[in-house]
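*Asks:* Here it is, the structure, as structure tokens.
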Amino acid sequence: MSIAVVTDSTAYLSPEEREKYNIYMIPLSVTLEDGVFEEEVEIHAKEFYDKVREAKVFPKTTQPPIGKFMELFETLSKDYDEVICIHLSSGISGTFQSAMQAGNLVEGIKVHGFDSEISCAPQGYYAVQAAKMAKEGKTSDEILEKLEEIKSRMRAYFIVDDLSHLQRGGRLSSAAAIVGGLLQIKPVLHFENKVIVPFEKIRTKKKALSRVEELLSQDAAKYDRIHAMVIHANREQEAREWMAKMQEKFPNVEFHLSYFGPVIGTHLGEGSLGLGWVPVMEE
């Protein structure tokens with residue numbers, strides 16, 4: 001049985017990565033003052049942040065239409081028997097639900113869904129692992145079981161410069177945003193039950209980053225190998241410096257640099273930093 005792997009643009013996998021692992025991508029869109037753009041296709045991160053800095057209107061994001069999924073699945077049905085769809089958390093977007101609805105409408109191919117319950121580089125990690133297993137000839141059940149196992153070990157935390165983006169976009173409760181604004185804090189955020197919630201409230205960005213490092217150190221002491229993802233919203237230099245510092249502290253952690261693109265950047269805001277990691281278990 002041949003299996004295709006599909007993800008969406010918020011995995012922020014490069015075209016080279018998608019080609020290397022034969023991963024298909026459906027883009028989400030961002031609406032700006034001068035039009036609607038499919039991220040990773042018609043607009044990329046740096047251009048997006050440049051536009052938003054000058055904008056008078058807050059950008060909006062849109063999930064892919066069901067028709068986009070149907071079109072892709074119909075094309076894939078010519079060469080594949082099954083599809084594994086890996087999407088951003090269903091708690092912050094309807095993308096996963098749209099993919100599943102489309103899968104039910106297309107004949108000739110079986111579509112399996114995996115709700116990453118997260119987004120960005122960790123989502124991309126799931127897609128790459130699924131694609132590797134598909135290439136090795138694993139069944140869809142084996143792949144989905146492995147992804148669930150990885151999910152149980154996946155950790156990710158992020159720090160935003162301004163909570164108002166999340167609050168305005170409806171991705172964080174007003175109460176949490178108001179408290180953050182009043183106290184001038186830099187909370188460490190994470191996904192819990194598929195939505196974004198504060199993990200801890202910390203007063204400065206420096207202390208927040210240190211706290212995330214501390215959380216990584218706990219796993220680094222327990223596991224031989226860890227794959228980690230440093231993620232930034234148009235702060236590549238700052239992200240690289242943070243990554244270099246952690247590389248010295250944690251020699252058993254393999255770091256990878258990624259970014260918050262237009263859709264996720266709309267909700268987090270420029271200047272956000274994140275760190276995700278997962279222990280690599282030997283087979």
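By order in the structure tokens, chains are A, B, ...; within a chain, residues start at 1; ligands start at 1, following the order shown.
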Could you pull out the alpha helix (DSSP H) residues of stretch 5-156 of chain A, going by DSSP on the backbone, and write them as an NGL selection string?

*Replies:* :A and (15-21 or 45-54 or 66-76 or 95-105 or 120-135 or 140-151)

*Asks:* So that I can check the surroundings of A:Lys60, please list as a list of chain:residue names every protein, DNA and RNA residue that reaches within 8 Å of it, counting only C-alpha atoms and ignoring chain neighbours fewer than 6 positions away.

*Replies:*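 Neighbouring residues, sequence-local ones excluded: A:Val30, A:Thr31, A:Leu32, A:Gly169, A:Thr266.
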
*Asks:* Write down as number ranges by chain the residues belonging to stretch 127-263 of chain A that are assigned strand (DSSP E) by DSSP computed on the backbone.

*Replies:* A: 155-159, 188-192, 195-200, 226-232, 253-259

*Asks:* Quick one: of A:Val52, A:Ile185, A:Ala221, A:Ile26, who's nearest to A:Asp162, counting only C-alpha atoms?

*Replies:*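 Of the candidates, the smallest distance to A:Asp162 is held by A:Ile185.
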
*Asks:* Taking into account only C-alpha atoms, which residue in the set A:Pro187, A:Gly271, A:Gly94, A:Gly35 is nearest to A:Thr62?

*Replies:*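 With only C-alpha atoms as the atom set, the closest residue is A:Gly94.
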
*Asks:* Which one of A:Val57, A:Leu144, A:Val6, A:Leu105 sits closest to A:Cys85 if you count only C-alpha atoms?

*Replies:*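 Looking at the shortest contact to A:Cys85, the residue is A:Val6.
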
*Asks:* Might you pull out every residue within 8 Å of A:Ser258, with only C-alpha atoms counted and same-chain residues fewer than 3 positions away left off, and present them as a PyMOL selection string?

*Replies:* chain A and resi 12+121+229-232

*Asks:* Let me see the file: selected residues, C-alpha atoms, as an mmCIF file, in the first residue's frame.

*Replies:*
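Saved file part_10.cif follows:
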data_model
loop_
_atom_site.group_PDB
_atom_site.id
_atom_site.type_symbol
_atom_site.label_atom_id
_atom_site.label_comp_id
_atom_site.auth_asym_id
_atom_site.auth_seq_id
_atom_site.Cartn_x
_atom_site.Cartn_y
_atom_site.Cartn_z
ATOM 1 C CA TYR A 12 7.101 25.684 7.777
ATOM 2 C CA ALA A 121 8.435 23.063 13.540
ATOM 3 C CA MET A 229 13.714 23.252 17.264
ATOM 4 C CA VAL A 230 14.438 26.942 17.908
ATOM 5 C CA ILE A 231 11.677 29.004 16.288
ATOM 6 C CA HIS A 232 11.664 32.779 15.721
#

*Asks:* Name the residues in contact with A:Val280 at a cut-off of 10 Å, using only C-alpha atoms, excluding same-chain residues fewer than 6 positions from it; report them as JSON, numbers by chain.

*Replies:* {"A": [150, 153, 223, 224, 225, 226, 227, 228, 253, 254]}

*Asks:* Find the residues around stretch 110-116 of chain A up to 7 Å (only C-alpha atoms counted), leave out those fewer than 5 positions away in its own chain, and share them as a list in words.

*Replies:* Asp81, Glu82, Val83, Ile84, Cys85, Ile86, His87, Leu88, Ser89, Ser90, Phe96, Met100, Gly103 and Gln123 of chain A

*Asks:* Write a file of the just-selected residues containing N, CA, C and O atoms, as a PDB file, in the first residue's frame.

*Replies:*
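New file selection.pdb:
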ATOM      1  N   ASP A  81      -2.583   4.810  -2.404  1.00  0.00           N
ATOM      2  CA  ASP A  81      -3.761   4.142  -1.849  1.00  0.00           C
ATOM      3  C   ASP A  81      -4.300   4.878  -0.621  1.00  0.00           C
ATOM      4  O   ASP A  81      -5.491   4.837  -0.328  1.00  0.00           O
ATOM      5  N   GLU A  82      -3.381   5.520   0.124  1.00  0.00           N
ATOM      6  CA  GLU A  82      -3.753   6.161   1.382  1.00  0.00           C
ATOM      7  C   GLU A  82      -3.029   7.496   1.543  1.00  0.00           C
ATOM      8  O   GLU A  82      -1.987   7.729   0.928  1.00  0.00           O
ATOM      9  N   VAL A  83      -3.596   8.341   2.395  1.00  0.00           N
ATOM     10  CA  VAL A  83      -2.979   9.623   2.737  1.00  0.00           C
ATOM     11  C   VAL A  83      -2.970   9.763   4.253  1.00  0.00           C
ATOM     12  O   VAL A  83      -3.953   9.432   4.914  1.00  0.00           O
ATOM     13  N   ILE A  84      -1.860  10.252   4.781  1.00  0.00           N
ATOM     14  CA  ILE A  84      -1.827  10.656   6.188  1.00  0.00           C
ATOM     15  C   ILE A  84      -1.704  12.174   6.206  1.00  0.00           C
ATOM     16  O   ILE A  84      -0.740  12.739   5.671  1.00  0.00           O
ATOM     17  N   CYS A  85      -2.723  12.837   6.771  1.00  0.00           N
ATOM     18  CA  CYS A  85      -2.778  14.299   6.836  1.00  0.00           C
ATOM     19  C   CYS A  85      -2.359  14.759   8.221  1.00  0.00           C
ATOM     20  O   CYS A  85      -2.971  14.356   9.216  1.00  0.00           O
ATOM     21  N   ILE A  86      -1.367  15.627   8.281  1.00  0.00           N
ATOM     22  CA  ILE A  86      -0.836  16.117   9.559  1.00  0.00           C
ATOM     23  C   ILE A  86      -0.990  17.624   9.589  1.00  0.00           C
ATOM     24  O   ILE A  86      -0.361  18.341   8.799  1.00  0.00           O
ATOM     25  N   HIS A  87      -1.836  18.122  10.499  1.00  0.00           N
ATOM     26  CA  HIS A  87      -2.156  19.553  10.472  1.00  0.00           C
ATOM     27  C   HIS A  87      -1.985  20.236  11.820  1.00  0.00           C
ATOM     28  O   HIS A  87      -1.848  19.578  12.858  1.00  0.00           O
ATOM     29  N   LEU A  88      -2.020  21.568  11.769  1.00  0.00           N
ATOM     30  CA  LEU A  88      -1.926  22.344  13.002  1.00  0.00           C
ATOM     31  C   LEU A  88      -3.116  22.055  13.899  1.00  0.00           C
ATOM     32  O   LEU A  88      -4.150  21.562  13.441  1.00  0.00           O
ATOM     33  N   SER A  89      -2.950  22.358  15.158  1.00  0.00           N
ATOM     34  CA  SER A  89      -3.933  21.984  16.165  1.00  0.00           C
ATOM     35  C   SER A  89      -5.356  22.361  15.776  1.00  0.00           C
ATOM     36  O   SER A  89      -5.628  23.494  15.375  1.00  0.00           O
ATOM     37  N   SER A  90      -6.260  21.405  15.921  1.00  0.00           N
ATOM     38  CA  SER A  90      -7.672  21.660  15.614  1.00  0.00           C
ATOM     39  C   SER A  90      -8.296  22.625  16.614  1.00  0.00           C
ATOM     40  O   SER A  90      -9.403  23.119  16.399  1.00  0.00           O
ATOM     41  N   PHE A  96      -7.684  21.023  10.057  1.00  0.00           N
ATOM     42  CA  PHE A  96      -7.744  19.574  10.245  1.00  0.00           C
ATOM     43  C   PHE A  96      -9.146  19.060   9.890  1.00  0.00           C
ATOM     44  O   PHE A  96      -9.298  18.073   9.165  1.00  0.00           O
ATOM     45  N   MET A 100     -10.384  16.395   6.868  1.00  0.00           N
ATOM     46  CA  MET A 100     -11.147  15.171   7.136  1.00  0.00           C
ATOM     47  C   MET A 100     -12.460  15.153   6.336  1.00  0.00           C
ATOM     48  O   MET A 100     -12.859  14.120   5.813  1.00  0.00           O
ATOM     49  N   GLY A 103     -11.609  14.331   2.827  1.00  0.00           N
ATOM     50  CA  GLY A 103     -11.262  12.921   2.714  1.00  0.00           C
ATOM     51  C   GLY A 103     -12.485  12.031   2.583  1.00  0.00           C
ATOM     52  O   GLY A 103     -12.457  11.011   1.872  1.00  0.00           O
ATOM     53  N   GLN A 123       5.138  20.368  14.257  1.00  0.00           N
ATOM     54  CA  GLN A 123       4.238  19.805  13.251  1.00  0.00           C
ATOM     55  C   GLN A 123       5.049  19.289  12.059  1.00  0.00           C
ATOM     56  O   GLN A 123       4.785  18.202  11.532  1.00  0.00           O
TER      57      GLN A 123
END

*Asks:* Enter the distance from atom CA of A:Ala4 to atom CA of A:Met154, in Å, rounded to one decimal.

*Replies:*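 Atom CA of A:Ala4 sits 23.3 Å away from atom CA of A:Met154.
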
*Asks:* Between A:Ile143, A:Val188, A:Val106, A:Ala45, which has the minimum distance to A:Lys201 (counting only C-alpha atoms)?

*Replies:*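 The shortest atom-to-atom distance to A:Lys201 comes from A:Val188.
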
*Asks:* Write out, as CSV, each residue of stretch 89-135 of chain A that has an atom at most 12 Å from stretch 272-276 of chain A, together with the closest pair of atoms and their distance in Å to one decimal, counting only C-alpha atoms, rows going by chain and rising number.

*Replies:*
residue,atom,partner,partner_atom,distance
A:Ile118,CA,A:Gly276,CA,10.2
A:Ser119,CA,A:Gly276,CA,10.3
A:Cys120,CA,A:Gly276,CA,9.5
A:Ala121,CA,A:Gly276,CA,7.6
A:Pro122,CA,A:Gly276,CA,6.4
A:Gln123,CA,A:Gly276,CA,10.1
A:Gly124,CA,A:Gly276,CA,11.3
A:Tyr125,CA,A:Gly276,CA,10.1

*Asks:* So how far away is atom CA of A:Gln63 from atom CA of A:Ala102, in Å?

*Replies:*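 Going from atom CA of A:Ala102 over to atom CA of A:Gln63 covers 13.4 Å.
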
*Asks:* What's around A:Thr61 at 12 Å? Count only C-alpha atoms, leave out sequence neighbours fewer than 2 positions away in its own chain, and write the answer as a tab-separated table (two decimals) with all heavy atoms, in the first residue's frame.

*Replies:*
chain	number	residue	atom	x	y	z
A	10	THR	N	1.73	25.73	7.81
A	10	THR	CA	2.20	26.13	9.14
A	10	THR	C	3.22	25.16	9.72
A	10	THR	O	3.74	25.39	10.82
A	10	THR	CB	1.04	26.32	10.14
A	10	THR	OG1	0.42	25.06	10.40
A	10	THR	CG2	0.01	27.31	9.62
A	27	PRO	N	-1.50	25.27	1.52
A	27	PRO	CA	-1.25	26.53	2.21
A	27	PRO	C	-2.48	27.13	2.90
A	27	PRO	O	-3.60	27.02	2.39
A	27	PRO	CB	-0.77	27.47	1.10
A	27	PRO	CG	-1.45	26.94	-0.13
A	27	PRO	CD	-1.59	25.44	0.06
A	28	LEU	N	-2.25	27.74	4.06
A	28	LEU	CA	-3.24	28.64	4.66
A	28	LEU	C	-2.97	30.03	4.09
A	28	LEU	O	-1.92	30.26	3.47
A	28	LEU	CB	-3.11	28.66	6.19
A	28	LEU	CG	-3.78	27.51	6.95
A	28	LEU	CD1	-2.96	26.24	6.85
A	28	LEU	CD2	-3.99	27.87	8.42
A	29	SER	N	-3.90	30.94	4.29
A	29	SER	CA	-3.76	32.28	3.71
A	29	SER	C	-3.79	33.36	4.78
A	29	SER	O	-4.35	33.18	5.86
A	29	SER	CB	-4.89	32.55	2.71
A	29	SER	OG	-4.83	31.64	1.64
A	30	VAL	N	-3.19	34.48	4.43
A	30	VAL	CA	-3.20	35.65	5.30
A	30	VAL	C	-3.74	36.83	4.50
A	30	VAL	O	-3.38	37.02	3.32
A	30	VAL	CB	-1.79	35.93	5.88
A	30	VAL	CG1	-0.78	36.22	4.78
A	30	VAL	CG2	-1.82	37.07	6.88
A	31	THR	N	-4.65	37.59	5.11
A	31	THR	CA	-5.24	38.76	4.45
A	31	THR	C	-4.56	40.02	4.97
A	31	THR	O	-4.59	40.31	6.17
A	31	THR	CB	-6.75	38.84	4.73
A	31	THR	OG1	-7.37	37.65	4.27
A	31	THR	CG2	-7.36	40.05	4.02
A	32	LEU	N	-3.96	40.77	4.05
A	32	LEU	CA	-3.29	42.02	4.37
A	32	LEU	C	-4.02	43.16	3.64
A	32	LEU	O	-4.98	42.93	2.91
A	32	LEU	CB	-1.82	41.96	3.94
A	32	LEU	CG	-0.99	40.87	4.64
A	32	LEU	CD1	0.34	40.69	3.95
A	32	LEU	CD2	-0.79	41.21	6.10
A	35	GLY	N	-4.23	42.62	-0.17
A	35	GLY	CA	-4.75	41.39	-0.77
A	35	GLY	C	-4.66	40.18	0.13
A	35	GLY	O	-4.24	40.27	1.29
A	36	VAL	N	-5.06	39.05	-0.44
A	36	VAL	CA	-5.01	37.76	0.26
A	36	VAL	C	-3.86	36.95	-0.35
A	36	VAL	O	-3.76	36.83	-1.58
A	36	VAL	CB	-6.34	37.00	0.10
A	36	VAL	CG1	-6.28	35.67	0.84
A	36	VAL	CG2	-7.51	37.84	0.60
A	37	PHE	N	-3.03	36.40	0.52
A	37	PHE	CA	-1.83	35.69	0.05
A	37	PHE	C	-1.74	34.31	0.68
A	37	PHE	O	-1.94	34.16	1.89
A	37	PHE	CB	-0.57	36.48	0.41
A	37	PHE	CG	-0.54	37.89	-0.11
A	37	PHE	CD1	-1.06	38.94	0.64
A	37	PHE	CD2	0.00	38.17	-1.36
A	37	PHE	CE1	-1.04	40.24	0.16
A	37	PHE	CE2	0.03	39.48	-1.85
A	37	PHE	CZ	-0.50	40.52	-1.08
A	38	GLU	N	-1.40	33.32	-0.13
A	38	GLU	CA	-1.13	31.98	0.40
A	38	GLU	C	0.29	31.98	0.95
A	38	GLU	O	1.25	32.28	0.24
A	38	GLU	CB	-1.26	30.93	-0.70
A	38	GLU	CG	-2.67	30.74	-1.20
A	38	GLU	CD	-2.79	29.63	-2.23
A	38	GLU	OE1	-1.75	29.28	-2.85
A	38	GLU	OE2	-3.89	29.09	-2.41
A	39	GLU	N	0.41	31.66	2.25
A	39	GLU	CA	1.75	31.69	2.84
A	39	GLU	C	2.60	30.54	2.28
A	39	GLU	O	2.09	29.50	1.88
A	39	GLU	CB	1.70	31.64	4.37
A	39	GLU	CG	1.29	30.31	4.96
A	39	GLU	CD	1.60	30.21	6.45
A	39	GLU	OE1	2.22	31.11	7.03
A	39	GLU	OE2	1.19	29.19	7.04
A	58	PHE	N	-4.99	45.19	11.15
A	58	PHE	CA	-4.47	43.93	11.67
A	58	PHE	C	-4.72	42.81	10.65
A	58	PHE	O	-5.84	42.68	10.14
A	58	PHE	CB	-5.16	43.60	12.99
A	58	PHE	CG	-4.57	42.44	13.73
A	58	PHE	CD1	-3.33	42.54	14.34
A	58	PHE	CD2	-5.26	41.23	13.82
A	58	PHE	CE1	-2.79	41.46	15.03
A	58	PHE	CE2	-4.72	40.15	14.49
A	58	PHE	CZ	-3.47	40.27	15.10
A	59	PRO	N	-3.71	42.00	10.30
A	59	PRO	CA	-3.93	40.93	9.32
A	59	PRO	C	-4.88	39.85	9.86
A	59	PRO	O	-5.05	39.71	11.07
A	59	PRO	CB	-2.52	40.36	9.10
A	59	PRO	CG	-1.74	40.76	10.30
A	59	PRO	CD	-2.32	42.05	10.79
A	63	GLN	N	-8.19	29.48	6.82
A	63	GLN	CA	-7.84	28.07	6.57
A	63	GLN	C	-8.09	27.74	5.11
A	63	GLN	O	-8.84	28.43	4.42
A	63	GLN	CB	-8.67	27.16	7.46
A	63	GLN	CG	-10.16	27.15	7.13
A	63	GLN	CD	-11.00	26.57	8.23
A	63	GLN	OE1	-10.89	26.93	9.40
A	63	GLN	NE2	-11.87	25.65	7.86
A	64	PRO	N	-7.49	26.68	4.59
A	64	PRO	CA	-7.70	26.31	3.19
A	64	PRO	C	-9.15	25.86	2.95
A	64	PRO	O	-9.75	25.22	3.81
A	64	PRO	CB	-6.74	25.13	2.98
A	64	PRO	CG	-5.83	25.13	4.15
A	64	PRO	CD	-6.57	25.76	5.28
A	92	ILE	N	-7.03	25.56	17.28
A	92	ILE	CA	-6.78	26.94	16.85
A	92	ILE	C	-7.14	27.18	15.37
A	92	ILE	O	-7.06	28.30	14.89
A	92	ILE	CB	-5.33	27.40	17.11
A	92	ILE	CG1	-4.32	26.57	16.30
A	92	ILE	CG2	-5.00	27.35	18.60
A	92	ILE	CD1	-2.91	27.14	16.29
A	93	SER	N	-7.49	26.12	14.65
A	93	SER	CA	-7.82	26.26	13.23
A	93	SER	C	-8.75	25.13	12.81
A	93	SER	O	-8.67	24.02	13.34
A	93	SER	CB	-6.54	26.22	12.38
A	93	SER	OG	-6.84	26.14	11.00
A	94	GLY	N	-9.57	25.40	11.80
A	94	GLY	CA	-10.44	24.37	11.25
A	94	GLY	C	-9.81	23.58	10.12
A	94	GLY	O	-10.48	22.79	9.45
A	95	THR	N	-8.50	23.76	9.90
A	95	THR	CA	-7.81	23.09	8.79
A	95	THR	C	-7.92	21.57	8.88
A	95	THR	O	-8.20	20.89	7.88
A	95	THR	CB	-6.33	23.52	8.76
A	95	THR	OG1	-6.27	24.94	8.63
A	95	THR	CG2	-5.60	22.89	7.59
A	169	GLY	N	-6.69	37.91	17.97
A	169	GLY	CA	-6.99	36.83	17.03
A	169	GLY	C	-7.81	35.71	17.63
A	169	GLY	O	-8.10	34.72	16.97
A	170	GLY	N	-8.18	35.86	18.91
A	170	GLY	CA	-9.02	34.86	19.55
A	170	GLY	C	-8.31	33.59	19.94
A	170	GLY	O	-8.93	32.57	20.21
A	171	ARG	N	-6.96	33.63	19.97
A	171	ARG	CA	-6.20	32.42	20.30
A	171	ARG	C	-5.76	32.40	21.76
A	171	ARG	O	-5.08	31.49	22.20
A	171	ARG	CB	-4.96	32.29	19.41
A	171	ARG	CG	-5.19	31.45	18.15
A	171	ARG	CD	-6.25	32.04	17.26
A	171	ARG	NE	-6.45	31.27	16.04
A	171	ARG	CZ	-7.22	31.67	15.04
A	171	ARG	NH1	-7.86	32.83	15.12
A	171	ARG	NH2	-7.37	30.94	13.96
A	261	GLY	N	6.02	31.63	10.46
A	261	GLY	CA	5.68	32.28	9.20
A	261	GLY	C	4.46	33.18	9.32
A	261	GLY	O	3.97	33.46	10.42
A	262	PRO	N	3.92	33.66	8.19
A	262	PRO	CA	2.85	34.66	8.21
A	262	PRO	C	1.62	34.29	9.04
A	262	PRO	O	1.14	35.12	9.82
A	262	PRO	CB	2.50	34.82	6.73
A	262	PRO	CG	3.79	34.53	6.02
A	262	PRO	CD	4.43	33.44	6.81
A	263	VAL	N	1.08	33.09	8.88
A	263	VAL	CA	-0.16	32.75	9.58
A	263	VAL	C	0.04	32.70	11.08
A	263	VAL	O	-0.69	33.33	11.85
A	263	VAL	CB	-0.75	31.42	9.05
A	263	VAL	CG1	-1.84	30.88	9.98
A	263	VAL	CG2	-1.34	31.63	7.65
A	264	ILE	N	1.04	31.97	11.54
A	264	ILE	CA	1.29	31.89	12.98
A	264	ILE	C	1.85	33.22	13.49
A	264	ILE	O	1.53	33.66	14.59
A	264	ILE	CB	2.23	30.72	13.32
A	264	ILE	CG1	1.62	29.40	12.83
A	264	ILE	CG2	2.51	30.67	14.81
A	264	ILE	CD1	0.26	29.06	13.42
A	265	GLY	N	2.64	33.90	12.66
A	265	GLY	CA	3.16	35.21	13.03
A	265	GLY	C	2.08	36.25	13.24
A	265	GLY	O	2.22	37.17	14.05
A	266	THR	N	0.96	36.10	12.52
A	266	THR	CA	-0.19	37.00	12.72
A	266	THR	C	-0.67	36.93	14.17
A	266	THR	O	-1.03	37.94	14.78
A	266	THR	CB	-1.34	36.61	11.77
A	266	THR	OG1	-0.95	36.89	10.43
A	266	THR	CG2	-2.61	37.38	12.09
A	267	HIS	N	-0.67	35.73	14.73
A	267	HIS	CA	-1.22	35.53	16.07
A	267	HIS	C	-0.19	35.71	17.19
A	267	HIS	O	-0.56	36.07	18.31
A	267	HIS	CB	-1.86	34.15	16.15
A	267	HIS	CG	-2.97	33.97	15.17
A	267	HIS	ND1	-4.14	34.70	15.24
A	267	HIS	CD2	-3.08	33.20	14.06
A	267	HIS	CE1	-4.92	34.37	14.22
A	267	HIS	NE2	-4.30	33.48	13.49

*Asks:* Which residue out of A:Glu238, A:Val128, A:Glu192, A:Leu268 has the minimum interatomic distance to A:Glu19 when only C-alpha atoms are used?

*Replies:*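 Using only C-alpha atoms, the shortest distance to A:Glu19 belongs to A:Val128.
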
*Asks:* Which one of A:Tyr80, A:Phe69, A:Trp277, A:Tyr21 sits closest to A:Ala156 if you count only C-alpha atoms?

*Replies:*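 Counting only C-alpha atoms, the residue closest to A:Ala156 is A:Trp277.
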
*Asks:* List the spatial neighbours of A:Asp79 as a list in words - criterion: any atom at most 8 Å away, only C-alpha atoms, same-chain residues fewer than 3 positions off excluded.

*Replies:*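 Those residues are Ser2, Thr75 and Leu76 of chain A.
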